[in-house]
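Asker: Take a look at this one; I'll ask things after.
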Amino acid sequence: MTKHAPLRLASYNIRAGLGMDLRRDPLRILSHIAAFKADIVALQEADFRMGSRPTALPRDMIESHTGLTPLPVAENDVSLGWHGIAILARPDLKPEAVHRYPLPGLEPRGAVAVDLPQLRVVGVHLGLLRHSRRQQLDHIREALEELDDRPTVIMGDFNEWSRKVGLGRLARNFTILTPGRTFPASLPIGALDRVAHCDRVQVKMLDVPPKVAGGHGSDHLPIMAEVQLD
């Protein structure tokens with residue numbers, strides 16, 4: 001049986017385009033996304049937090065600068081994402097369904113699952129408190145169990161500083177990969193950004209392009225992975 005071509009995925013908390021130099025530069029973020037040469041990118045903090053949560057990236061420039069298009073995860077005409085989580089994909093990767101999950105906890109948080117033809121991609125940005133994160137992971141796991149069974153990758157800012165505890169609820173169903181320290185970008189000490197995958201896919205972490213690793217367009221560094229479908 002012939003395997004599908006691998007997909008390149010990336011995840012990036014862009015802090016609404018505010019870099020470590022305290023300049024808000026959405027075009028710098030778009031140049032970083034272009035450098036990933038990814039098929040699918042999950043973004044966190046892609047929208048401003050106030051009011052109607054307008055997008056922090058110029059929507060009409062995303063495809064021309066990155067070759068990717070925003071998937072329809074927003075619930076209004078001004079946001080790029082939902083709870084700040086946006087997913088960009090190659091134009092030929094058309095979503096079959098979008099699932100939005102409000103998450104429990106002290107802060108307003110959410111998760112987004114997008115069903116693509118070969119892969120379910122789940123974007124997350126978990127809470128700052130471990131108690132809330134555990135509730136959120138339970139909610140995500142249980143919600144995904146209600147959907148049809150398909151290869152699944154979860155990626156985003158998990159906000160968990162420990163490499164040993166805190167994510168066990170997700171580890172019951174998924175393999176969790178912690179590629180390295182991503183926060184703060186100028187001197188990373190916390191491995192907050194991660195990838196989790198089910199046993200129907202093989203995932204290999206990739207190095208981030210030097211241009212992006214040194215650009216500090218956000219307070220997080222991005223992560224990248226290659227996904228091989230059976």
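Naming works like this for the structure tokens: A, B, ... for the chains as they're shown, residue 1 at the start of each chain, ligands 1 onward in shown order.
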Among range 50-221 of chain A, which residues does DSSP mark as strand (DSSP E) when it is run on the backbone? Keep the chain and numbering as in the structure and answer as a ChimeraX atom specification.
Answerer: /A:69-70,86-89,97-103,109-115,120-125,152-157,175-177,193-197,201-206
Asker: What lies within 8 Å of range 55-69 of chain A using only C-alpha atoms, ignoring chain neighbours under 6 positions off, as a ChimeraX atom specification?
Answerer: /A:16-17,26-27,30-31,33-34,39-40,46-48,78-81,88-91
Asker: Restrict the selected residues to all heavy atoms and save them as a compact mmCIF listing (two decimals), in the first residue's frame.
Answerer:
```txt
# COMPACT_ATOMS: atom_id res chain seq x y z
N ALA A 16 0.35 38.31 18.53
CA ALA A 16 -0.26 39.37 17.73
C ALA A 16 0.78 40.21 17.00
O ALA A 16 0.59 41.41 16.76
CB ALA A 16 -1.16 40.26 18.59
N GLY A 17 1.90 39.57 16.64
CA GLY A 17 2.93 40.24 15.84
C GLY A 17 3.90 41.09 16.63
O GLY A 17 4.74 41.78 16.03
N PRO A 26 3.55 42.70 11.56
CA PRO A 26 2.89 41.53 10.98
C PRO A 26 3.58 40.99 9.73
O PRO A 26 3.53 39.79 9.47
CB PRO A 26 1.48 42.03 10.68
CG PRO A 26 1.58 43.52 10.65
CD PRO A 26 2.68 43.88 11.60
N LEU A 27 4.23 41.86 8.97
CA LEU A 27 4.92 41.37 7.77
C LEU A 27 6.12 40.51 8.14
O LEU A 27 6.47 39.58 7.40
CB LEU A 27 5.35 42.55 6.89
CG LEU A 27 4.21 43.37 6.27
CD1 LEU A 27 4.77 44.45 5.36
CD2 LEU A 27 3.26 42.47 5.51
N LEU A 30 4.67 37.14 8.69
CA LEU A 30 4.37 36.48 7.42
C LEU A 30 5.63 35.96 6.75
O LEU A 30 5.62 34.87 6.14
CB LEU A 30 3.63 37.44 6.49
CG LEU A 30 2.21 37.84 6.91
CD1 LEU A 30 1.60 38.78 5.87
CD2 LEU A 30 1.33 36.62 7.10
N SER A 31 6.74 36.69 6.86
CA SER A 31 7.99 36.20 6.27
C SER A 31 8.49 34.97 7.01
O SER A 31 9.06 34.05 6.41
CB SER A 31 9.06 37.30 6.28
OG SER A 31 9.53 37.56 7.60
N ILE A 33 6.49 32.75 8.53
CA ILE A 33 5.61 31.66 8.10
C ILE A 33 6.02 31.15 6.73
O ILE A 33 6.04 29.94 6.47
CB ILE A 33 4.14 32.13 8.12
CG1 ILE A 33 3.71 32.44 9.56
CG2 ILE A 33 3.23 31.08 7.49
CD1 ILE A 33 2.34 33.11 9.66
N ALA A 34 6.36 32.06 5.83
CA ALA A 34 6.81 31.64 4.49
C ALA A 34 8.06 30.79 4.58
O ALA A 34 8.23 29.83 3.80
CB ALA A 34 7.05 32.87 3.63
N ASP A 39 2.97 22.91 4.97
CA ASP A 39 1.66 22.64 4.38
C ASP A 39 0.54 23.15 5.27
O ASP A 39 -0.52 23.55 4.77
CB ASP A 39 1.49 21.13 4.17
CG ASP A 39 2.57 20.54 3.26
OD1 ASP A 39 2.59 20.90 2.08
OD2 ASP A 39 3.38 19.75 3.76
N ILE A 40 0.76 23.12 6.57
CA ILE A 40 -0.25 23.53 7.55
C ILE A 40 0.46 24.25 8.69
O ILE A 40 1.49 23.78 9.18
CB ILE A 40 -1.02 22.31 8.11
CG1 ILE A 40 -1.66 21.50 6.99
CG2 ILE A 40 -2.06 22.75 9.13
CD1 ILE A 40 -2.11 20.12 7.42
N ALA A 46 -3.29 34.95 17.24
CA ALA A 46 -3.35 35.51 15.89
C ALA A 46 -4.29 36.70 15.80
O ALA A 46 -4.30 37.41 14.79
CB ALA A 46 -3.80 34.43 14.90
N ASP A 47 -5.07 36.93 16.85
CA ASP A 47 -6.00 38.05 16.91
C ASP A 47 -5.71 38.90 18.14
O ASP A 47 -5.16 38.41 19.13
CB ASP A 47 -7.46 37.55 16.99
CG ASP A 47 -7.84 36.67 15.82
OD1 ASP A 47 -7.49 37.02 14.68
OD2 ASP A 47 -8.49 35.62 16.05
N PHE A 48 -6.10 40.16 18.06
CA PHE A 48 -6.03 41.00 19.25
C PHE A 48 -7.11 40.55 20.25
O PHE A 48 -8.14 40.01 19.86
CB PHE A 48 -6.20 42.47 18.88
CG PHE A 48 -5.06 43.00 18.06
CD1 PHE A 48 -5.21 43.24 16.69
CD2 PHE A 48 -3.83 43.27 18.64
CE1 PHE A 48 -4.17 43.73 15.93
CE2 PHE A 48 -2.77 43.76 17.89
CZ PHE A 48 -2.94 43.99 16.53
N VAL A 78 -14.01 39.62 11.25
CA VAL A 78 -12.84 40.43 11.57
C VAL A 78 -11.70 39.62 12.17
O VAL A 78 -10.54 40.02 12.11
CB VAL A 78 -13.20 41.60 12.52
CG1 VAL A 78 -14.22 42.52 11.86
CG2 VAL A 78 -13.73 41.08 13.84
N SER A 79 -12.02 38.46 12.76
CA SER A 79 -10.99 37.63 13.37
C SER A 79 -10.38 36.68 12.33
O SER A 79 -11.06 36.26 11.39
CB SER A 79 -11.56 36.80 14.52
OG SER A 79 -12.09 37.63 15.54
N LEU A 80 -9.13 36.33 12.56
CA LEU A 80 -8.49 35.29 11.75
C LEU A 80 -8.74 33.92 12.37
O LEU A 80 -8.84 32.92 11.68
CB LEU A 80 -6.99 35.56 11.65
CG LEU A 80 -6.19 34.67 10.69
CD1 LEU A 80 -6.61 34.93 9.25
CD2 LEU A 80 -4.69 34.92 10.86
N GLY A 81 -8.81 33.89 13.71
CA GLY A 81 -8.95 32.63 14.42
C GLY A 81 -10.11 32.63 15.38
O GLY A 81 -11.01 33.48 15.33
N LEU A 88 -3.63 27.91 9.09
CA LEU A 88 -3.37 28.19 7.68
C LEU A 88 -3.02 26.88 6.99
O LEU A 88 -2.39 26.01 7.59
CB LEU A 88 -2.22 29.18 7.52
CG LEU A 88 -2.23 30.44 8.40
CD1 LEU A 88 -1.00 31.30 8.10
CD2 LEU A 88 -3.51 31.23 8.20
N ALA A 89 -3.39 26.75 5.72
CA ALA A 89 -3.10 25.51 5.00
C ALA A 89 -2.91 25.81 3.52
O ALA A 89 -3.33 26.86 3.02
CB ALA A 89 -4.23 24.50 5.19
N ARG A 90 -2.26 24.85 2.83
CA ARG A 90 -2.17 24.95 1.39
C ARG A 90 -3.56 25.10 0.80
O ARG A 90 -4.51 24.49 1.29
CB ARG A 90 -1.54 23.68 0.80
CG ARG A 90 -0.07 23.55 1.01
CD ARG A 90 0.52 22.38 0.21
NE ARG A 90 -0.45 21.42 -0.27
CZ ARG A 90 -0.41 20.10 -0.02
NH1 ARG A 90 0.56 19.61 0.74
NH2 ARG A 90 -1.31 19.28 -0.52
N PRO A 91 -3.69 25.87 -0.28
CA PRO A 91 -5.02 26.10 -0.84
C PRO A 91 -5.75 24.83 -1.27
O PRO A 91 -6.99 24.81 -1.28
CB PRO A 91 -4.74 27.00 -2.05
CG PRO A 91 -3.47 27.71 -1.70
CD PRO A 91 -2.66 26.71 -0.92
```
Asker: What separation in Å, quoted to one decimal, exists between CA of Phe158 in chain A and CA of Arg23 in chain A?
Answerer: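 Between CA of Phe158 in chain A and CA of Arg23 in chain A the gap works out to 24.9 Å.
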Asker: Give me, as an mmCIF file with N, CA, C and O atoms, in the first residue's frame, all polymer residues having an atom no more than 7 Å from Pro184 in chain A, counting only C-alpha atoms and skipping those fewer than 3 positions away in the same chain.
Answerer:
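Result written to selection22.cif:
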```
data_model
loop_
_atom_site.group_PDB
_atom_site.id
_atom_site.type_symbol
_atom_site.label_atom_id
_atom_site.label_comp_id
_atom_site.auth_asym_id
_atom_site.auth_seq_id
_atom_site.Cartn_x
_atom_site.Cartn_y
_atom_site.Cartn_z
ATOM 1 N N LEU A 187 15.951 34.208 24.961
ATOM 2 C CA LEU A 187 16.767 33.328 25.781
ATOM 3 C C LEU A 187 15.862 32.206 26.292
ATOM 4 O O LEU A 187 15.432 32.220 27.438
ATOM 5 N N PRO A 188 15.567 31.233 25.457
ATOM 6 C CA PRO A 188 14.527 30.251 25.798
ATOM 7 C C PRO A 188 14.899 29.394 27.007
ATOM 8 O O PRO A 188 15.988 28.833 27.082
ATOM 9 N N ILE A 189 13.956 29.309 27.944
ATOM 10 C CA ILE A 189 14.133 28.435 29.106
ATOM 11 C C ILE A 189 12.959 27.472 29.273
ATOM 12 O O ILE A 189 13.074 26.472 29.971
ATOM 13 N N ASP A 219 7.395 36.498 21.261
ATOM 14 C CA ASP A 219 8.100 36.067 22.468
ATOM 15 C C ASP A 219 8.242 34.542 22.516
ATOM 16 O O ASP A 219 8.863 34.003 23.430
ATOM 17 N N HIS A 220 7.665 33.837 21.531
ATOM 18 C CA HIS A 220 7.845 32.396 21.384
ATOM 19 C C HIS A 220 8.631 32.101 20.119
ATOM 20 O O HIS A 220 8.527 32.842 19.128
#
```
Asker: Work out how far CA of Asn13 in chain A is from CA of Gly217 in chain A, in Å to one decimal.
Answerer: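 CA of Gly217 in chain A sits 9.9 Å away from CA of Asn13 in chain A.
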Asker: So, with only C-alpha atoms as the atoms that count, which of A:Arg169, A:Lys164, A:Arg200, A:Arg194 lies closest to Val122 in chain A?
Answerer: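 For Val122 in chain A, the nearest of the candidates is A:Arg194.
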Asker: List the neighbours of Leu147 in chain A out to 12 Å using only C-alpha atoms; skip same-chain residues closer than 5 positions along the sequence, and give me the result as a ChimeraX atom specification.
Answerer: /A:97-99,113-115,120,140-142,152
Asker: Next, the residues of the selection above should be written as a PDB file, in the first residue's frame with N, CA, C and O atoms.
Answerer:
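Output below, filename again_34.pdb:
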```pdb
ATOM      1  N   ALA A  97     -14.617  19.653   7.867  1.00  0.00           N
ATOM      2  CA  ALA A  97     -15.384  20.091   9.039  1.00  0.00           C
ATOM      3  C   ALA A  97     -14.477  20.891   9.955  1.00  0.00           C
ATOM      4  O   ALA A  97     -13.251  20.686   9.978  1.00  0.00           O
ATOM      5  N   VAL A  98     -15.080  21.807  10.712  1.00  0.00           N
ATOM      6  CA  VAL A  98     -14.375  22.593  11.724  1.00  0.00           C
ATOM      7  C   VAL A  98     -15.121  22.425  13.044  1.00  0.00           C
ATOM      8  O   VAL A  98     -16.347  22.572  13.091  1.00  0.00           O
ATOM      9  N   HIS A  99     -14.370  22.109  14.106  1.00  0.00           N
ATOM     10  CA  HIS A  99     -14.961  21.906  15.425  1.00  0.00           C
ATOM     11  C   HIS A  99     -14.331  22.909  16.390  1.00  0.00           C
ATOM     12  O   HIS A  99     -13.103  22.946  16.545  1.00  0.00           O
ATOM     13  N   ALA A 113     -10.433  22.109  16.103  1.00  0.00           N
ATOM     14  CA  ALA A 113     -10.070  20.908  15.343  1.00  0.00           C
ATOM     15  C   ALA A 113     -10.577  21.073  13.918  1.00  0.00           C
ATOM     16  O   ALA A 113     -11.749  21.416  13.707  1.00  0.00           O
ATOM     17  N   VAL A 114      -9.698  20.842  12.952  1.00  0.00           N
ATOM     18  CA  VAL A 114     -10.052  20.947  11.541  1.00  0.00           C
ATOM     19  C   VAL A 114      -9.844  19.588  10.890  1.00  0.00           C
ATOM     20  O   VAL A 114      -8.745  19.012  10.977  1.00  0.00           O
ATOM     21  N   ASP A 115     -10.885  19.083  10.267  1.00  0.00           N
ATOM     22  CA  ASP A 115     -10.814  17.794   9.576  1.00  0.00           C
ATOM     23  C   ASP A 115     -10.434  18.032   8.123  1.00  0.00           C
ATOM     24  O   ASP A 115     -11.248  18.518   7.325  1.00  0.00           O
ATOM     25  N   ARG A 120      -6.632  15.113  10.860  1.00  0.00           N
ATOM     26  CA  ARG A 120      -7.296  16.065  11.756  1.00  0.00           C
ATOM     27  C   ARG A 120      -6.207  16.865  12.472  1.00  0.00           C
ATOM     28  O   ARG A 120      -5.324  16.294  13.133  1.00  0.00           O
ATOM     29  N   ILE A 140     -10.584  18.304  25.836  1.00  0.00           N
ATOM     30  CA  ILE A 140     -10.140  18.069  24.461  1.00  0.00           C
ATOM     31  C   ILE A 140     -10.145  16.581  24.138  1.00  0.00           C
ATOM     32  O   ILE A 140     -10.647  16.152  23.088  1.00  0.00           O
ATOM     33  N   ARG A 141      -9.600  15.782  25.033  1.00  0.00           N
ATOM     34  CA  ARG A 141      -9.545  14.332  24.792  1.00  0.00           C
ATOM     35  C   ARG A 141     -10.948  13.751  24.632  1.00  0.00           C
ATOM     36  O   ARG A 141     -11.218  12.983  23.701  1.00  0.00           O
ATOM     37  N   GLU A 142     -11.840  14.135  25.522  1.00  0.00           N
ATOM     38  CA  GLU A 142     -13.204  13.604  25.464  1.00  0.00           C
ATOM     39  C   GLU A 142     -13.936  14.092  24.217  1.00  0.00           C
ATOM     40  O   GLU A 142     -14.704  13.333  23.598  1.00  0.00           O
ATOM     41  N   THR A 152      -4.691  12.050  13.773  1.00  0.00           N
ATOM     42  CA  THR A 152      -4.843  13.320  14.487  1.00  0.00           C
ATOM     43  C   THR A 152      -3.508  13.822  15.009  1.00  0.00           C
ATOM     44  O   THR A 152      -2.722  13.058  15.575  1.00  0.00           O
TER      45      THR A 152
END
```
Asker: Just the residues within 9 Å of Gly215 in chain A, please, counting only C-alpha atoms, with nothing from its chain fewer than 3 positions along; format it as a ChimeraX atom specification.
Answerer: /A:19-20,28,32,185,210-212,218,221
Asker: Now that the selection is made, can you save its residues with N, CA, C and O atoms as a PDB file, in the first residue's frame?
Answerer:
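The resulting file, selection_5.pdb, is shown below:
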```
ATOM      1  N   GLY A  19       7.103  41.641  18.557  1.00  0.00           N
ATOM      2  CA  GLY A  19       8.386  40.960  18.686  1.00  0.00           C
ATOM      3  C   GLY A  19       9.100  41.262  19.985  1.00  0.00           C
ATOM      4  O   GLY A  19       8.674  42.107  20.782  1.00  0.00           O
ATOM      5  N   MET A  20      10.226  40.578  20.185  1.00  0.00           N
ATOM      6  CA  MET A  20      11.030  40.819  21.378  1.00  0.00           C
ATOM      7  C   MET A  20      11.651  42.207  21.372  1.00  0.00           C
ATOM      8  O   MET A  20      12.084  42.705  22.412  1.00  0.00           O
ATOM      9  N   ARG A  28       6.746  40.798   9.259  1.00  0.00           N
ATOM     10  CA  ARG A  28       7.837  39.937   9.735  1.00  0.00           C
ATOM     11  C   ARG A  28       7.292  38.550  10.059  1.00  0.00           C
ATOM     12  O   ARG A  28       7.919  37.532   9.721  1.00  0.00           O
ATOM     13  N   HIS A  32       8.269  34.915   8.327  1.00  0.00           N
ATOM     14  CA  HIS A  32       8.639  33.725   9.088  1.00  0.00           C
ATOM     15  C   HIS A  32       7.789  32.528   8.663  1.00  0.00           C
ATOM     16  O   HIS A  32       8.312  31.420   8.460  1.00  0.00           O
ATOM     17  N   ALA A 185      11.693  33.899  23.531  1.00  0.00           N
ATOM     18  CA  ALA A 185      12.452  33.658  22.299  1.00  0.00           C
ATOM     19  C   ALA A 185      13.896  34.136  22.383  1.00  0.00           C
ATOM     20  O   ALA A 185      14.792  33.519  21.798  1.00  0.00           O
ATOM     21  N   PRO A 210      17.019  29.004  10.294  1.00  0.00           N
ATOM     22  CA  PRO A 210      17.811  29.983  11.064  1.00  0.00           C
ATOM     23  C   PRO A 210      17.241  31.391  11.029  1.00  0.00           C
ATOM     24  O   PRO A 210      17.289  32.117  12.016  1.00  0.00           O
ATOM     25  N   LYS A 211      16.679  31.779   9.889  1.00  0.00           N
ATOM     26  CA  LYS A 211      16.100  33.121   9.778  1.00  0.00           C
ATOM     27  C   LYS A 211      15.014  33.343  10.819  1.00  0.00           C
ATOM     28  O   LYS A 211      14.890  34.420  11.408  1.00  0.00           O
ATOM     29  N   VAL A 212      14.242  32.305  11.066  1.00  0.00           N
ATOM     30  CA  VAL A 212      13.140  32.426  12.019  1.00  0.00           C
ATOM     31  C   VAL A 212      13.652  32.308  13.447  1.00  0.00           C
ATOM     32  O   VAL A 212      13.233  33.045  14.342  1.00  0.00           O
ATOM     33  N   SER A 218       8.260  37.213  17.803  1.00  0.00           N
ATOM     34  CA  SER A 218       7.305  37.016  18.890  1.00  0.00           C
ATOM     35  C   SER A 218       8.094  36.709  20.148  1.00  0.00           C
ATOM     36  O   SER A 218       9.328  36.624  20.112  1.00  0.00           O
ATOM     37  N   LEU A 221       9.381  31.024  20.136  1.00  0.00           N
ATOM     38  CA  LEU A 221       9.932  30.464  18.911  1.00  0.00           C
ATOM     39  C   LEU A 221       8.925  29.460  18.347  1.00  0.00           C
ATOM     40  O   LEU A 221       8.184  28.821  19.098  1.00  0.00           O
TER      41      LEU A 221
END
```
Asker: Enter the distance from CA of Arg100 in chain A to CA of Ala171 in chain A, in Å, rounded to one decimal.
Answerer: 21.6 Å
Asker: Which of these, A:Glu45, A:Asp199, A:Asp207, A:Asp157, has the shortest distance to Leu128 in chain A once you count only C-alpha atoms?
Answerer: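 The answer is A:Asp157, which sits nearest to Leu128 in chain A.
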Asker: Find, counting only C-alpha atoms, the residue in A:Leu229, A:Leu7, A:Ala111, A:Met205 that gets nearest to Arg150 in chain A.
Answerer: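 The answer is A:Leu229, which sits nearest to Arg150 in chain A.
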Asker: Write out as a compact mmCIF listing (two decimals) with all heavy atoms, in the first residue's frame all residues of range 62-176 of chain A that backbone DSSP assigns to alpha helix (DSSP H).
Answerer:
```
# COMPACT_ATOMS: atom_id res chain seq x y z
N ILE A 62 -1.94 37.30 3.33
CA ILE A 62 -1.44 36.02 3.83
C ILE A 62 -1.06 35.08 2.69
O ILE A 62 0.05 34.54 2.65
CB ILE A 62 -2.47 35.37 4.76
CG1 ILE A 62 -2.60 36.18 6.05
CG2 ILE A 62 -2.08 33.93 5.08
CD1 ILE A 62 -3.70 35.69 6.98
N GLU A 63 -1.96 34.88 1.75
CA GLU A 63 -1.67 33.92 0.69
C GLU A 63 -0.53 34.39 -0.21
O GLU A 63 0.35 33.60 -0.58
CB GLU A 63 -2.92 33.63 -0.15
CG GLU A 63 -2.67 32.54 -1.20
CD GLU A 63 -3.93 32.05 -1.86
OE1 GLU A 63 -5.02 32.61 -1.59
OE2 GLU A 63 -3.85 31.10 -2.66
N SER A 64 -0.50 35.68 -0.56
CA SER A 64 0.55 36.18 -1.45
C SER A 64 1.93 36.10 -0.80
O SER A 64 2.94 35.92 -1.49
CB SER A 64 0.25 37.62 -1.87
OG SER A 64 0.23 38.48 -0.74
N HIS A 65 1.99 36.21 0.53
CA HIS A 65 3.28 36.19 1.22
C HIS A 65 3.70 34.80 1.69
O HIS A 65 4.89 34.54 1.85
CB HIS A 65 3.23 37.12 2.44
CG HIS A 65 3.41 38.57 2.11
ND1 HIS A 65 2.51 39.27 1.32
CD2 HIS A 65 4.39 39.46 2.44
CE1 HIS A 65 2.93 40.52 1.19
NE2 HIS A 65 4.05 40.67 1.86
N THR A 66 2.74 33.91 1.90
CA THR A 66 3.08 32.60 2.48
C THR A 66 2.69 31.41 1.61
O THR A 66 3.16 30.30 1.86
CB THR A 66 2.39 32.42 3.85
OG1 THR A 66 0.98 32.28 3.66
CG2 THR A 66 2.65 33.62 4.76
N ARG A 130 -2.00 25.10 35.98
CA ARG A 130 -1.99 23.66 35.71
C ARG A 130 -3.36 23.03 35.97
O ARG A 130 -3.79 22.15 35.22
CB ARG A 130 -0.91 22.96 36.53
CG ARG A 130 -0.83 21.46 36.24
CD ARG A 130 0.36 20.82 36.89
NE ARG A 130 1.60 21.26 36.25
CZ ARG A 130 2.79 21.19 36.82
NH1 ARG A 130 2.90 20.72 38.07
NH2 ARG A 130 3.87 21.57 36.17
N HIS A 131 -4.04 23.49 37.01
CA HIS A 131 -5.37 22.94 37.29
C HIS A 131 -6.30 23.15 36.09
O HIS A 131 -7.05 22.25 35.70
CB HIS A 131 -5.96 23.59 38.54
CG HIS A 131 -7.36 23.16 38.85
ND1 HIS A 131 -7.66 21.89 39.32
CD2 HIS A 131 -8.55 23.82 38.73
CE1 HIS A 131 -8.97 21.78 39.48
NE2 HIS A 131 -9.53 22.94 39.13
N SER A 132 -6.24 24.35 35.52
CA SER A 132 -7.07 24.64 34.34
C SER A 132 -6.62 23.80 33.15
O SER A 132 -7.45 23.27 32.39
CB SER A 132 -7.00 26.12 33.99
OG SER A 132 -7.61 26.92 34.98
N ARG A 133 -5.31 23.67 32.97
CA ARG A 133 -4.80 22.90 31.82
C ARG A 133 -5.26 21.46 31.90
O ARG A 133 -5.60 20.84 30.87
CB ARG A 133 -3.27 22.97 31.76
CG ARG A 133 -2.73 24.32 31.36
CD ARG A 133 -1.27 24.25 30.97
NE ARG A 133 -0.40 23.87 32.06
CZ ARG A 133 0.13 24.73 32.93
NH1 ARG A 133 -0.15 26.02 32.85
NH2 ARG A 133 0.94 24.32 33.90
N ARG A 134 -5.27 20.88 33.09
CA ARG A 134 -5.73 19.50 33.23
C ARG A 134 -7.20 19.37 32.86
O ARG A 134 -7.60 18.43 32.17
CB ARG A 134 -5.45 19.01 34.65
CG ARG A 134 -3.97 18.70 34.88
CD ARG A 134 -3.66 18.35 36.30
NE ARG A 134 -2.33 17.76 36.42
CZ ARG A 134 -1.62 17.72 37.54
NH1 ARG A 134 -2.12 18.24 38.65
NH2 ARG A 134 -0.42 17.17 37.55
N GLN A 135 -8.01 20.32 33.29
CA GLN A 135 -9.42 20.32 32.89
C GLN A 135 -9.54 20.44 31.36
O GLN A 135 -10.37 19.77 30.73
CB GLN A 135 -10.16 21.48 33.55
CG GLN A 135 -10.37 21.35 35.04
CD GLN A 135 -11.12 22.55 35.59
OE1 GLN A 135 -10.88 23.70 35.21
NE2 GLN A 135 -12.05 22.29 36.49
N GLN A 136 -8.73 21.30 30.79
CA GLN A 136 -8.80 21.54 29.35
C GLN A 136 -8.37 20.31 28.56
O GLN A 136 -8.99 19.97 27.54
CB GLN A 136 -7.92 22.76 29.00
CG GLN A 136 -8.50 24.06 29.54
CD GLN A 136 -7.49 25.18 29.66
OE1 GLN A 136 -6.35 25.06 29.23
NE2 GLN A 136 -7.92 26.29 30.25
N LEU A 137 -7.34 19.63 29.02
CA LEU A 137 -6.89 18.42 28.33
C LEU A 137 -7.94 17.32 28.41
O LEU A 137 -8.16 16.58 27.44
CB LEU A 137 -5.56 17.95 28.91
CG LEU A 137 -4.35 18.84 28.61
CD1 LEU A 137 -3.14 18.37 29.38
CD2 LEU A 137 -4.05 18.88 27.12
N ASP A 138 -8.58 17.19 29.56
CA ASP A 138 -9.68 16.23 29.67
C ASP A 138 -10.78 16.56 28.66
O ASP A 138 -11.31 15.68 27.98
CB ASP A 138 -10.28 16.25 31.08
CG ASP A 138 -9.48 15.44 32.08
OD1 ASP A 138 -8.73 14.54 31.65
OD2 ASP A 138 -9.59 15.70 33.30
N HIS A 139 -11.12 17.82 28.57
CA HIS A 139 -12.19 18.26 27.68
C HIS A 139 -11.82 17.97 26.22
O HIS A 139 -12.64 17.47 25.45
CB HIS A 139 -12.46 19.74 27.88
CG HIS A 139 -13.70 20.24 27.22
ND1 HIS A 139 -14.92 20.21 27.81
CD2 HIS A 139 -13.89 20.75 25.98
CE1 HIS A 139 -15.83 20.69 26.98
NE2 HIS A 139 -15.23 21.04 25.86
N ILE A 140 -10.58 18.30 25.84
CA ILE A 140 -10.14 18.07 24.46
C ILE A 140 -10.15 16.58 24.14
O ILE A 140 -10.65 16.15 23.09
CB ILE A 140 -8.73 18.67 24.25
CG1 ILE A 140 -8.80 20.20 24.30
CG2 ILE A 140 -8.14 18.21 22.92
CD1 ILE A 140 -7.46 20.87 24.40
N ARG A 141 -9.60 15.78 25.03
CA ARG A 141 -9.55 14.33 24.79
C ARG A 141 -10.95 13.75 24.63
O ARG A 141 -11.22 12.98 23.70
CB ARG A 141 -8.82 13.64 25.94
CG ARG A 141 -8.52 12.18 25.68
CD ARG A 141 -7.98 11.46 26.90
NE ARG A 141 -9.03 11.30 27.91
CZ ARG A 141 -9.02 11.89 29.09
NH1 ARG A 141 -8.04 12.70 29.42
NH2 ARG A 141 -10.01 11.69 29.95
N GLU A 142 -11.84 14.13 25.52
CA GLU A 142 -13.20 13.60 25.46
C GLU A 142 -13.94 14.09 24.22
O GLU A 142 -14.70 13.33 23.60
CB GLU A 142 -13.96 14.01 26.73
CG GLU A 142 -13.43 13.31 27.98
CD GLU A 142 -13.91 13.96 29.27
OE1 GLU A 142 -14.74 14.91 29.17
OE2 GLU A 142 -13.48 13.54 30.36
N ALA A 143 -13.70 15.35 23.82
CA ALA A 143 -14.36 15.87 22.62
C ALA A 143 -13.87 15.14 21.37
O ALA A 143 -14.67 14.81 20.47
CB ALA A 143 -14.08 17.37 22.49
N LEU A 144 -12.58 14.88 21.29
CA LEU A 144 -12.05 14.18 20.12
C LEU A 144 -12.55 12.74 20.05
O LEU A 144 -12.74 12.19 18.96
CB LEU A 144 -10.52 14.21 20.13
CG LEU A 144 -9.88 15.60 19.97
CD1 LEU A 144 -8.36 15.49 20.06
CD2 LEU A 144 -10.29 16.24 18.66
N GLU A 145 -12.78 12.14 21.20
CA GLU A 145 -13.30 10.77 21.21
C GLU A 145 -14.71 10.69 20.64
O GLU A 145 -15.15 9.62 20.20
CB GLU A 145 -13.28 10.22 22.64
CG GLU A 145 -11.88 9.91 23.16
CD GLU A 145 -11.86 9.52 24.62
OE1 GLU A 145 -12.93 9.65 25.29
OE2 GLU A 145 -10.81 9.08 25.12
N GLY A 168 -0.36 14.37 31.55
CA GLY A 168 -0.66 12.94 31.57
C GLY A 168 -2.04 12.60 31.04
O GLY A 168 -2.26 11.53 30.48
N ARG A 169 -2.99 13.52 31.19
CA ARG A 169 -4.34 13.24 30.70
C ARG A 169 -4.36 13.09 29.18
O ARG A 169 -5.12 12.29 28.64
CB ARG A 169 -5.29 14.35 31.14
CG ARG A 169 -5.67 14.27 32.62
CD ARG A 169 -6.25 15.58 33.10
NE ARG A 169 -6.88 15.43 34.42
CZ ARG A 169 -6.24 15.34 35.55
NH1 ARG A 169 -4.91 15.37 35.56
NH2 ARG A 169 -6.89 15.21 36.69
N LEU A 170 -3.53 13.84 28.50
CA LEU A 170 -3.44 13.72 27.04
C LEU A 170 -2.61 12.51 26.64
O LEU A 170 -2.88 11.87 25.62
CB LEU A 170 -2.84 14.99 26.45
CG LEU A 170 -2.92 15.14 24.94
CD1 LEU A 170 -4.37 15.22 24.48
CD2 LEU A 170 -2.15 16.38 24.48
N ALA A 171 -1.60 12.17 27.46
CA ALA A 171 -0.71 11.05 27.15
C ALA A 171 -1.42 9.70 27.16
O ALA A 171 -0.88 8.72 26.67
CB ALA A 171 0.47 11.04 28.13
```
